[in-house]
Amino acid sequence: MKRIGVLTSGGDAPGMNAAVRAVVRAATHLGMEVVGIRRGFQGLYQGDMRLLGPRDVANTIQRGGTILLTARSEVWRTPEGRAEGARHLREWGIDGLVVIGGDGSFHGAHFLSQEHGVKVIGVPGTIDNDLYGTDHTIGYFTAVETALAAVDKLRDTAASHERIFVVEVMGRHAGHIALDVAVAGGAEEVFLPEEDMPVTSVVDVINESVKKGKASSIIIVAEGYPGGAMAVSKAINEGTGLETRVSILGHIQRGGTPVSSDRILASRLGEAAVQALADDVSGVMVGRNNGIIAFTPLEETWARRKEISRDLYRCAKTLSV
Ligand code: F6P
C-alpha cells in the first residue's frame with residue numbers, strides 16, 4: 001500500500017487531531033503517503049483533499065476539534081455520492097482509507113467498501129462511547145471531564161441556594177457519559193436511556209433526600225432519556241412542588257483540550273489503523289479492550305449494543321444515600 005487517505009466525520013471529538021497525527025506519522029514510518037480529506041465524506045465527495053506530511057500535523061496533539069474539519073454529509077447517504085467519492089480516491093491513487101468517527105461515519109465507510117471495494121479501517125472518535133468493540137472511544141474521557149467540571153460548579157450554586165439542579169449531558173442514545181458524571185459528581189440520581197425508569201420515580205428520590213436532610217440535589221439526565229432534563233424537572237415540580245433549575249450542557253462537552261487518556265488512545269488506535277491497512281485488513285474498527293488492540297467488523301460496532309456498566313450503576317445508587 002503506497003498511499004492512504006484519512007478523514008474525520010460526524011460530531012467532532014477531542015483527540016481527533018491526535019488520531020490524525022498518529023495516522024500521518026505511522027504511515028510515514030511505514031513509507032506510505034497520506035492524503036488528508038477535509039469535511040469528512042462531504043469533502044471526499046467534493047474532492048477536497050491534499051497531501052499531509054509529518055510536519056503538517058505538528059503542534060496538533062493538544063488541540064480540540066479537528067484540523068481536517070468534519071461534517072454530517074447528506075449526499076454520502078446516496079449511492080451516487082459514494083460513487084463520486086470513490087472516483088476521487090481512484091484519481092488520487094489512494095489504496096486505503098482511515099475513517100475517524102462514530103457509527104454514522106462507520107456506516108458510510110462500510111457502504112464505500114461494499115460498493116467500491118475500497119479498503120477501510122474505522123477509528124472510534126465520538127464523545128458518546130457508544131461503539132461496540134472498544135472499551136472507550138476517542139473524546140469520551142475529555143467530555144466526561146468537561147461535564148464533570150460543570151457539575152462541580154453547579155453544585156456550588158445549588159448548595160448556596162439550597163436548590164435542585166437537573167443537569168442534562170450528551171450521549172445521543174447512550175448513557176455512558178451520564179453514568180460516569182453521576183458517579184464522579186456524587187449525583188443524587190441519574191436517568192439513562194438504558195434503564196427503564198419512570199420519570200415520576202424522581203419524586204421519591206427528592207422526598208427522601210429532603211427527609212435525610214439534604215438541602216440541595218444534583219440529578220443527572222442523559223439526553224437520550226425520554227424527555228431529557230425538562231421531563232425530569234417537570235416531574236419534580238409537579239410531584240413535590242419544589243423549584244428546580246435545569247442546565248443543558250450541550251456542545252461545550254465536545255470542545256477543549258483532549259485529556260491524556262484521549263491523546264494516548266488516539267495515538268495508539270491511529271497507529272494500529274495504519275498497520276492494519278498495511279497488513280491488508282479492511283472493513284473493521286480498531287479498538288482497545290483491556291489495553292489490547294482488537295478489531296471488530298464495522299457492522300457489529302453499531303448493530304451490537306454496548307452496555308453500560310451495571311456494576312457502576314448499582315454503585316451510583318448505593319452511594320447516593
Ligand atoms: O455524537 C456526538 C454528539 O455530540 C451527541 O452526543 C449529540 O447527540 C450529537 O452529537 C449532536 O449533534 P450535532 O452536533 O449535529 O448537533
# chains A, B, ... in the order shown; residues from 1 in each chain; ligands from 1
$ residues_near_ligand --ligand "ligand 1" --cutoff "6 Å" --atoms "only C-alpha atoms and all ligand atoms" --output "PyMOL selection string"
chain A and resi 11+126-128+170-172
$ select_by_dssp --residues "stretch 30-276 of chain A" --states "strand (DSSP E or B)" --output "VMD selection string"
chain A and resid 33 to 37 49 to 52 96 to 101 119 to 125 138 164 to 169 189 to 191 217 to 222 244 to 248
$ closest_residue --among "A:Glu33, A:Asp56, A:Asp135, A:Asp48" --to "A:Leu265" --atoms "only C-alpha atoms"
A:Asp135
$ closest_residue --among "A:Val232, A:Asp95, A:Val75, A:Ser247" --to "A:Lys153" --atoms "only C-alpha atoms"
A:Ser247
$ residues_around --residues "A:Thr8" --least-positions-apart "4" --cutoff "6 Å" --atoms "only C-alpha atoms" --output "number ranges by chain"
A: 40, 70, 100-101
$ write_last_selection --atoms "N, CA and C atoms" --output "short mmCIF file (atom, residue, chain, number, x, y, z; two decimals), in the first residue's frame"
data_model
loop_
_atom_site.label_atom_id
_atom_site.label_comp_id
_atom_site.auth_asym_id
_atom_site.auth_seq_id
_atom_site.Cartn_x
_atom_site.Cartn_y
_atom_site.Cartn_z
N GLY A 40 -14.83 15.44 6.15
CA GLY A 40 -15.31 14.05 6.12
C GLY A 40 -15.73 13.60 4.74
N THR A 70 -15.04 18.64 9.87
CA THR A 70 -15.92 17.48 9.84
C THR A 70 -17.31 17.90 9.37
N ILE A 100 -12.19 8.32 10.88
CA ILE A 100 -12.24 8.58 12.32
C ILE A 100 -13.61 9.19 12.63
N GLY A 101 -14.44 8.47 13.38
CA GLY A 101 -15.78 8.99 13.65
C GLY A 101 -16.60 8.00 14.45
#
$ residues_around --residues "A:Ala22" --least-positions-apart "3" --cutoff "8 Å" --atoms "only C-alpha atoms" --output "short mmCIF file (atom, residue, chain, number, x, y, z; two decimals) with N, CA and C atoms, in the first residue's frame"
data_model
loop_
_atom_site.label_atom_id
_atom_site.label_comp_id
_atom_site.auth_asym_id
_atom_site.auth_seq_id
_atom_site.Cartn_x
_atom_site.Cartn_y
_atom_site.Cartn_z
N ALA A 18 -5.16 14.15 17.50
CA ALA A 18 -4.11 13.21 17.91
C ALA A 18 -4.19 11.95 17.04
N ALA A 19 -5.40 11.57 16.67
CA ALA A 19 -5.57 10.37 15.82
C ALA A 19 -5.06 10.65 14.40
N ARG A 25 1.85 10.04 10.92
CA ARG A 25 3.23 9.68 11.30
C ARG A 25 3.49 8.18 11.21
N ALA A 26 2.48 7.39 11.55
CA ALA A 26 2.67 5.93 11.44
C ALA A 26 2.84 5.55 9.97
N ALA A 266 -5.97 7.80 21.13
CA ALA A 266 -5.95 8.22 19.72
C ALA A 266 -4.63 7.86 19.06
N SER A 267 -3.55 8.04 19.77
CA SER A 267 -2.23 7.75 19.20
C SER A 267 -2.11 6.26 18.90
N ARG A 268 -2.52 5.46 19.85
CA ARG A 268 -2.39 4.01 19.70
C ARG A 268 -3.32 3.49 18.58
N GLY A 270 -4.69 5.22 16.07
CA GLY A 270 -4.28 5.76 14.77
C GLY A 270 -3.14 4.93 14.19
N GLU A 271 -2.18 4.62 15.04
CA GLU A 271 -1.05 3.80 14.58
C GLU A 271 -1.53 2.41 14.15
#
$ residues_around --residues "stretch 107-118 of chain A" --least-positions-apart "2" --cutoff "10 Å" --atoms "only C-alpha atoms" --output "PyMOL selection string"
chain A and resi 9+41+73+76-79+81-83+85-87+89-90+94-105+120-122+282-284+297-299+301-302
$ residues_around --residues "A:Gly53" --least-positions-apart "4" --cutoff "9 Å" --atoms "only C-alpha atoms" --output "mmCIF file with N, CA and C atoms, in the first residue's frame"
data_model
loop_
_atom_site.group_PDB
_atom_site.id
_atom_site.type_symbol
_atom_site.label_atom_id
_atom_site.label_comp_id
_atom_site.auth_asym_id
_atom_site.auth_seq_id
_atom_site.Cartn_x
_atom_site.Cartn_y
_atom_site.Cartn_z
ATOM 1 N N VAL A 24 -0.849 9.959 10.189
ATOM 2 C CA VAL A 24 0.157 10.543 9.280
ATOM 3 C C VAL A 24 1.557 10.046 9.636
ATOM 4 N N ARG A 25 1.852 10.036 10.916
ATOM 5 C CA ARG A 25 3.225 9.682 11.301
ATOM 6 C C ARG A 25 3.490 8.184 11.215
ATOM 7 N N THR A 28 4.034 7.477 7.573
ATOM 8 C CA THR A 28 5.362 7.939 7.165
ATOM 9 C C THR A 28 6.412 6.902 7.580
ATOM 10 N N GLU A 33 2.369 7.416 1.825
ATOM 11 C CA GLU A 33 1.921 8.814 1.794
ATOM 12 C C GLU A 33 0.498 8.891 2.357
ATOM 13 N N VAL A 34 0.164 10.085 2.889
ATOM 14 C CA VAL A 34 -1.187 10.263 3.446
ATOM 15 C C VAL A 34 -1.852 11.475 2.804
ATOM 16 N N VAL A 35 -3.105 11.288 2.405
ATOM 17 C CA VAL A 35 -3.911 12.400 1.893
ATOM 18 C C VAL A 35 -4.962 12.735 2.955
ATOM 19 N N VAL A 57 1.173 17.980 10.805
ATOM 20 C CA VAL A 57 0.388 17.627 11.994
ATOM 21 C C VAL A 57 1.141 17.959 13.285
#
$ residues_around --residues "A:Asn289" --least-positions-apart "4" --cutoff "9 Å" --atoms "only C-alpha atoms" --output "NGL selection string"
:A and (133-136 or 293-294)
$ write_last_selection --atoms "N, CA and C atoms" --output "PDB file, in the first residue's frame"
ATOM      1  N   GLY A 133     -17.131  -2.890  20.719  1.00  0.00           N
ATOM      2  CA  GLY A 133     -15.837  -3.360  20.229  1.00  0.00           C
ATOM      3  C   GLY A 133     -14.654  -2.565  20.736  1.00  0.00           C
ATOM      4  N   THR A 134     -14.921  -1.576  21.571  1.00  0.00           N
ATOM      5  CA  THR A 134     -13.816  -0.844  22.202  1.00  0.00           C
ATOM      6  C   THR A 134     -14.288  -0.379  23.581  1.00  0.00           C
ATOM      7  N   ASP A 135     -13.409  -0.493  24.551  1.00  0.00           N
ATOM      8  CA  ASP A 135     -13.807  -0.059  25.903  1.00  0.00           C
ATOM      9  C   ASP A 135     -14.151   1.425  25.908  1.00  0.00           C
ATOM     10  N   HIS A 136     -13.375   2.193  25.167  1.00  0.00           N
ATOM     11  CA  HIS A 136     -13.603   3.646  25.133  1.00  0.00           C
ATOM     12  C   HIS A 136     -13.431   4.182  23.716  1.00  0.00           C
ATOM     13  N   ILE A 293      -5.270  -4.173  21.623  1.00  0.00           N
ATOM     14  CA  ILE A 293      -5.868  -3.759  20.350  1.00  0.00           C
ATOM     15  C   ILE A 293      -6.742  -4.885  19.804  1.00  0.00           C
ATOM     16  N   ALA A 294      -7.964  -4.504  19.383  1.00  0.00           N
ATOM     17  CA  ALA A 294      -8.909  -5.520  18.890  1.00  0.00           C
ATOM     18  C   ALA A 294      -9.619  -4.981  17.652  1.00  0.00           C
TER      19      ALA A 294
END
$ closest_residue --among "A:Leu269, A:Val20, A:Val190, A:Ile138" --to "A:Glu168" --atoms "only C-alpha atoms"
A:Val190
$ closest_residue --among "A:Arg155, A:Arg39, A:Arg245, A:Arg3" --to "A:Lys119" --atoms "only C-alpha atoms"
A:Arg3
$ select_by_dssp --residues "stretch 129-167 of chain A" --states "alpha helix (DSSP H)" --output "list of chain:residue names"
A:Tyr140, A:Phe141, A:Thr142, A:Ala143, A:Val144, A:Glu145, A:Thr146, A:Ala147, A:Leu148, A:Ala149, A:Ala150, A:Val151, A:Asp152, A:Lys153, A:Leu154, A:Arg155, A:Asp156, A:Thr157, A:Ala158, A:Ala159, A:Ser160, A:His161
$ write_last_selection --atoms "N, CA and C atoms" --output "CSV table (one decimal), in the first residue's frame"
chain,number,residue,atom,x,y,z
A,140,TYR,N,-14.2,10.6,24.6
A,140,TYR,CA,-15.1,10.3,25.7
A,140,TYR,C,-14.5,10.8,27.1
A,141,PHE,N,-13.2,10.5,27.3
A,141,PHE,CA,-12.7,10.9,28.6
A,141,PHE,C,-12.7,12.4,28.8
A,142,THR,N,-12.4,13.1,27.7
A,142,THR,CA,-12.4,14.6,27.9
A,142,THR,C,-13.8,15.1,28.1
A,143,ALA,N,-14.8,14.6,27.4
A,143,ALA,CA,-16.2,15.0,27.5
A,143,ALA,C,-16.7,14.8,29.0
A,144,VAL,N,-16.3,13.7,29.6
A,144,VAL,CA,-16.7,13.4,30.9
A,144,VAL,C,-16.0,14.4,31.9
A,145,GLU,N,-14.8,14.7,31.6
A,145,GLU,CA,-14.1,15.8,32.5
A,145,GLU,C,-14.8,17.1,32.3
A,146,THR,N,-15.1,17.5,31.1
A,146,THR,CA,-15.8,18.8,30.9
A,146,THR,C,-17.1,18.8,31.6
A,147,ALA,N,-17.9,17.8,31.4
A,147,ALA,CA,-19.2,17.8,32.1
A,147,ALA,C,-19.1,17.8,33.6
A,148,LEU,N,-18.1,17.0,34.1
A,148,LEU,CA,-17.9,17.0,35.5
A,148,LEU,C,-17.5,18.3,36.1
A,149,ALA,N,-16.7,19.0,35.4
A,149,ALA,CA,-16.2,20.4,35.8
A,149,ALA,C,-17.5,21.3,36.0
A,150,ALA,N,-18.4,21.1,35.0
A,150,ALA,CA,-19.6,22.0,35.0
A,150,ALA,C,-20.5,21.6,36.2
A,151,VAL,N,-20.6,20.3,36.4
A,151,VAL,CA,-21.4,19.8,37.6
A,151,VAL,C,-20.9,20.3,38.9
A,152,ASP,N,-19.5,20.2,39.0
A,152,ASP,CA,-18.9,20.7,40.3
A,152,ASP,C,-19.3,22.2,40.5
A,153,LYS,N,-19.2,22.9,39.5
A,153,LYS,CA,-19.6,24.4,39.6
A,153,LYS,C,-21.0,24.5,39.9
A,154,LEU,N,-21.9,23.7,39.3
A,154,LEU,CA,-23.3,23.8,39.6
A,154,LEU,C,-23.6,23.5,41.0
A,155,ARG,N,-22.8,22.5,41.6
A,155,ARG,CA,-23.1,22.1,42.9
A,155,ARG,C,-22.8,23.3,43.9
A,156,ASP,N,-21.8,24.1,43.6
A,156,ASP,CA,-21.5,25.3,44.5
A,156,ASP,C,-22.8,26.1,44.6
A,157,THR,N,-23.4,26.5,43.4
A,157,THR,CA,-24.5,27.4,43.5
A,157,THR,C,-25.8,26.6,44.0
A,158,ALA,N,-25.9,25.3,43.7
A,158,ALA,CA,-27.0,24.5,44.2
A,158,ALA,C,-27.0,24.5,45.7
A,159,ALA,N,-25.8,24.3,46.3
A,159,ALA,CA,-25.7,24.2,47.7
A,159,ALA,C,-26.0,25.6,48.4
A,160,SER,N,-25.4,26.7,47.8
A,160,SER,CA,-25.6,28.0,48.3
A,160,SER,C,-27.1,28.4,48.3
A,161,HIS,N,-27.8,28.0,47.3
A,161,HIS,CA,-29.3,28.4,47.2
A,161,HIS,C,-30.2,27.3,47.7
$ atom_distance --atom1 "atom CA of A:Met197" --atom2 "atom CA of A:Ala231"
12.6 Å
